[in-house]
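J.: Just passing along the structure, written as structure tokens.
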Amino acid sequence: MTPFIKKKDIKNNWYLVNAKDVVVGRLAAYISNVLRGKNKAMYNPNQDNGDFVIVTNIDKIKFTGKKFENKKYYKHTGYPGGIKDTSPQNLKAKNKSQDILKFAVKRMLPGGPLAKKQLSKLKMYHGDEHPHSTQNPIEIKFSQMNKKNFVKI
């Protein structure tokens, strides 16, 4: 029998990740699992029992290979010939580094209203400072989990 979680039994934790020199895709995969609640024993795909994630130093995130210059993000306006594209290089030049990670995490979550709610639990900041210190976030040393998570300059 599958145990179902009641809303009053859900406890959301807060996690803090430093994104300095961390690979985008690996970090996004980890964050999407935490936002969905897959890191917990009581995971249920139709409930929002995920945790909050705070990402600092978002402007120092890295890509492997030549993805920083060559990768494209596409969107369509809905009109004929309305395909638009941008690259991580353009986003960083416009000081929208948080959109790079947000696109990666959003595309790893399933579509629908639940994914929007889970994505709202992702908080991103450019520097080391964040306003969520009262929640006592648990710091995760993501760059030390695996040697491939960290890009040496």
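Just remember, in the structure tokens the first chain shown is A, the second B, etc., residues are 1-based per chain, and ligands are 1-based in the order shown.
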Which residues, written as a list in words, have at least one atom at most 6 Å from range 70-76 of chain A, with only C-alpha atoms counted and residues fewer than 3 positions away on the same chain left out?
T.: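 The neighbour list is Lys67, Gly82, Ile83, Lys84, Asp85, Thr86 and Ser87 of chain A.
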J.: For Lys116 in chain A, please output as a ChimeraX atom specification all residues within 12 Å (counting only C-alpha atoms; exclusion window: fewer than 2 positions along the same chain).
T.: /A:32,35-36,48,102,105-114,118-122
J.: Pull C-alpha atoms from the residues just selected and write them as a PDB file, in the first residue's frame.
T.:
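The result, stored in result_32.pdb:
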ATOM      1  CA  SER A  32      15.258  19.832  -9.628  1.00  0.00           C
ATOM      2  CA  LEU A  35      12.477  20.942  -5.526  1.00  0.00           C
ATOM      3  CA  ARG A  36      10.346  17.910  -6.428  1.00  0.00           C
ATOM      4  CA  ASP A  48       4.523  19.411  -3.576  1.00  0.00           C
ATOM      5  CA  LYS A 102      16.244  28.898 -14.158  1.00  0.00           C
ATOM      6  CA  VAL A 105      15.904  23.699 -13.797  1.00  0.00           C
ATOM      7  CA  LYS A 106      12.528  24.529 -15.376  1.00  0.00           C
ATOM      8  CA  ARG A 107      13.172  22.156 -18.260  1.00  0.00           C
ATOM      9  CA  MET A 108      14.041  19.333 -15.859  1.00  0.00           C
ATOM     10  CA  LEU A 109      10.737  19.668 -14.020  1.00  0.00           C
ATOM     11  CA  PRO A 110       7.528  18.178 -15.448  1.00  0.00           C
ATOM     12  CA  GLY A 111       5.169  20.657 -17.088  1.00  0.00           C
ATOM     13  CA  GLY A 112       2.055  21.968 -15.389  1.00  0.00           C
ATOM     14  CA  PRO A 113       0.890  24.015 -12.431  1.00  0.00           C
ATOM     15  CA  LEU A 114       2.727  21.862  -9.887  1.00  0.00           C
ATOM     16  CA  GLN A 118       7.946  23.965  -7.239  1.00  0.00           C
ATOM     17  CA  LEU A 119      10.028  26.401  -9.314  1.00  0.00           C
ATOM     18  CA  SER A 120       8.905  29.268  -7.094  1.00  0.00           C
ATOM     19  CA  LYS A 121      10.848  27.593  -4.245  1.00  0.00           C
ATOM     20  CA  LEU A 122      14.123  28.319  -6.050  1.00  0.00           C
TER      21      LEU A 122
END
J.: Which one is closest to Asn12 in chain A: A:Asn146, A:Met42, A:Asp51, A:Pro88? Count only C-alpha atoms.
T.: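 Smallest distance to Asn12 in chain A is found for A:Asp51.
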J.: Return the single residue from A:Val34, A:Ile10, A:Leu27, A:Ile54 that is closest to Glu139 in chain A, with distances computed using only C-alpha atoms.
T.: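 Result for the nearest residue to Glu139 in chain A: A:Ile54.
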J.: Would you list the contacts of Lys62 in chain A as a list in words, taking every protein, DNA or RNA residue within 6 Å and counting only C-alpha atoms, but skipping same-chain residues closer than 2 positions in sequence?
T.: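 Neighbouring residues, sequence-local ones excluded: Asp21, Val22 and Val23 of chain A.
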J.: Generate a file of the selected residues that holds C-alpha atoms, formatted as a compact mmCIF listing (two decimals), in the first residue's frame.
T.:
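Result written to again-v2.txt:
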# COMPACT_ATOMS: atom_id res chain seq x y z
CA ASP A 21 32.58 27.55 -10.60
CA VAL A 22 29.90 24.82 -10.61
CA VAL A 23 28.66 23.13 -13.81
J.: Excluding Ile5 in chain A and its own-chain neighbours fewer than 2 positions away, which residues fall within 10 Å of it when counting only C-alpha atoms? Please give them as a VMD selection string.
T.: chain A and resid 2 to 3 7 to 10 42 to 44 47 49
J.: Please identify which residues in chain A DSSP calls strand (DSSP E or B) from the backbone, and express them as a ChimeraX atom specification.
T.: /A:14-18,22-23,52-56,62,73-76,83-86,122-124,138-140,150
J.: Running DSSP on the backbone, which parts of chain A land in helix (DSSP H, G or I), as a PyMOL selection string?
T.: chain A and resi 7-9+24-36+58-60+67-70+88-93+97-106+113-119+133-135+142-144+147-149
J.: Could you write out the selected residues, including C-alpha atoms, as an mmCIF file, in the first residue's frame?
T.:
data_model
loop_
_atom_site.group_PDB
_atom_site.id
_atom_site.type_symbol
_atom_site.label_atom_id
_atom_site.label_comp_id
_atom_site.auth_asym_id
_atom_site.auth_seq_id
_atom_site.Cartn_x
_atom_site.Cartn_y
_atom_site.Cartn_z
ATOM 1 C CA LYS A 7 -0.320 18.633 4.054
ATOM 2 C CA LYS A 8 0.206 19.030 7.799
ATOM 3 C CA ASP A 9 2.915 16.336 7.739
ATOM 4 C CA VAL A 24 25.158 24.328 -14.763
ATOM 5 C CA GLY A 25 23.574 21.034 -15.835
ATOM 6 C CA ARG A 26 24.779 19.050 -12.842
ATOM 7 C CA LEU A 27 23.578 21.725 -10.431
ATOM 8 C CA ALA A 28 20.216 21.977 -12.214
ATOM 9 C CA ALA A 29 19.684 18.211 -12.000
ATOM 10 C CA TYR A 30 20.394 18.238 -8.264
ATOM 11 C CA ILE A 31 18.169 21.271 -7.644
ATOM 12 C CA SER A 32 15.258 19.832 -9.628
ATOM 13 C CA ASN A 33 15.335 16.652 -7.520
ATOM 14 C CA VAL A 34 15.301 18.673 -4.300
ATOM 15 C CA LEU A 35 12.477 20.942 -5.526
ATOM 16 C CA ARG A 36 10.346 17.910 -6.428
ATOM 17 C CA ILE A 58 24.793 32.748 -9.596
ATOM 18 C CA ASP A 59 26.882 35.021 -11.818
ATOM 19 C CA LYS A 60 29.950 32.752 -11.384
ATOM 20 C CA LYS A 67 28.420 25.536 -24.495
ATOM 21 C CA PHE A 68 28.727 29.083 -23.149
ATOM 22 C CA GLU A 69 29.103 30.437 -26.698
ATOM 23 C CA ASN A 70 27.256 27.796 -28.762
ATOM 24 C CA PRO A 88 24.042 32.081 -22.186
ATOM 25 C CA GLN A 89 26.634 34.608 -23.331
ATOM 26 C CA ASN A 90 23.881 37.113 -24.206
ATOM 27 C CA LEU A 91 22.057 36.490 -20.929
ATOM 28 C CA LYS A 92 25.222 37.049 -18.912
ATOM 29 C CA ALA A 93 25.945 40.264 -20.838
ATOM 30 C CA SER A 97 22.671 35.029 -15.047
ATOM 31 C CA GLN A 98 19.814 33.696 -12.936
ATOM 32 C CA ASP A 99 17.847 32.928 -16.115
ATOM 33 C CA ILE A 100 20.543 30.471 -17.236
ATOM 34 C CA LEU A 101 19.993 28.248 -14.198
ATOM 35 C CA LYS A 102 16.244 28.898 -14.158
ATOM 36 C CA PHE A 103 15.899 27.646 -17.767
ATOM 37 C CA ALA A 104 17.896 24.519 -16.946
ATOM 38 C CA VAL A 105 15.904 23.699 -13.797
ATOM 39 C CA LYS A 106 12.528 24.529 -15.376
ATOM 40 C CA PRO A 113 0.890 24.015 -12.431
ATOM 41 C CA LEU A 114 2.727 21.862 -9.887
ATOM 42 C CA ALA A 115 6.058 22.540 -11.603
ATOM 43 C CA LYS A 116 5.425 26.297 -11.450
ATOM 44 C CA LYS A 117 4.784 26.030 -7.724
ATOM 45 C CA GLN A 118 7.946 23.965 -7.239
ATOM 46 C CA LEU A 119 10.028 26.401 -9.314
ATOM 47 C CA SER A 133 19.252 33.607 7.004
ATOM 48 C CA THR A 134 16.343 33.380 9.475
ATOM 49 C CA GLN A 135 15.271 30.064 7.903
ATOM 50 C CA PHE A 142 27.883 20.747 -4.114
ATOM 51 C CA SER A 143 31.308 21.259 -5.684
ATOM 52 C CA GLN A 144 32.774 18.651 -3.301
ATOM 53 C CA LYS A 147 34.943 16.129 -8.925
ATOM 54 C CA LYS A 148 32.973 16.660 -12.172
ATOM 55 C CA ASN A 149 30.672 19.194 -10.469
#
J.: Could you state the separation of CA of Thr64 in chain A and CA of Met124 in chain A in Å, given to one decimal place?
T.: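 According to the coordinates, CA of Thr64 in chain A and CA of Met124 in chain A are separated by 21.0 Å.
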J.: Choose the residue, out of A:Gly127, A:His132, A:Ile61, A:Pro137, that has the smallest atom-to-atom separation from Phe150 in chain A; count only C-alpha atoms.
T.: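 Using only C-alpha atoms, the shortest distance to Phe150 in chain A belongs to A:Ile61.
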J.: State, in Å with one decimal place, the distance from CA of Lys20 in chain A to CA of Ile140 in chain A.
T.: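 Atom-to-atom, CA of Lys20 in chain A and CA of Ile140 in chain A are spaced 12.6 Å apart.
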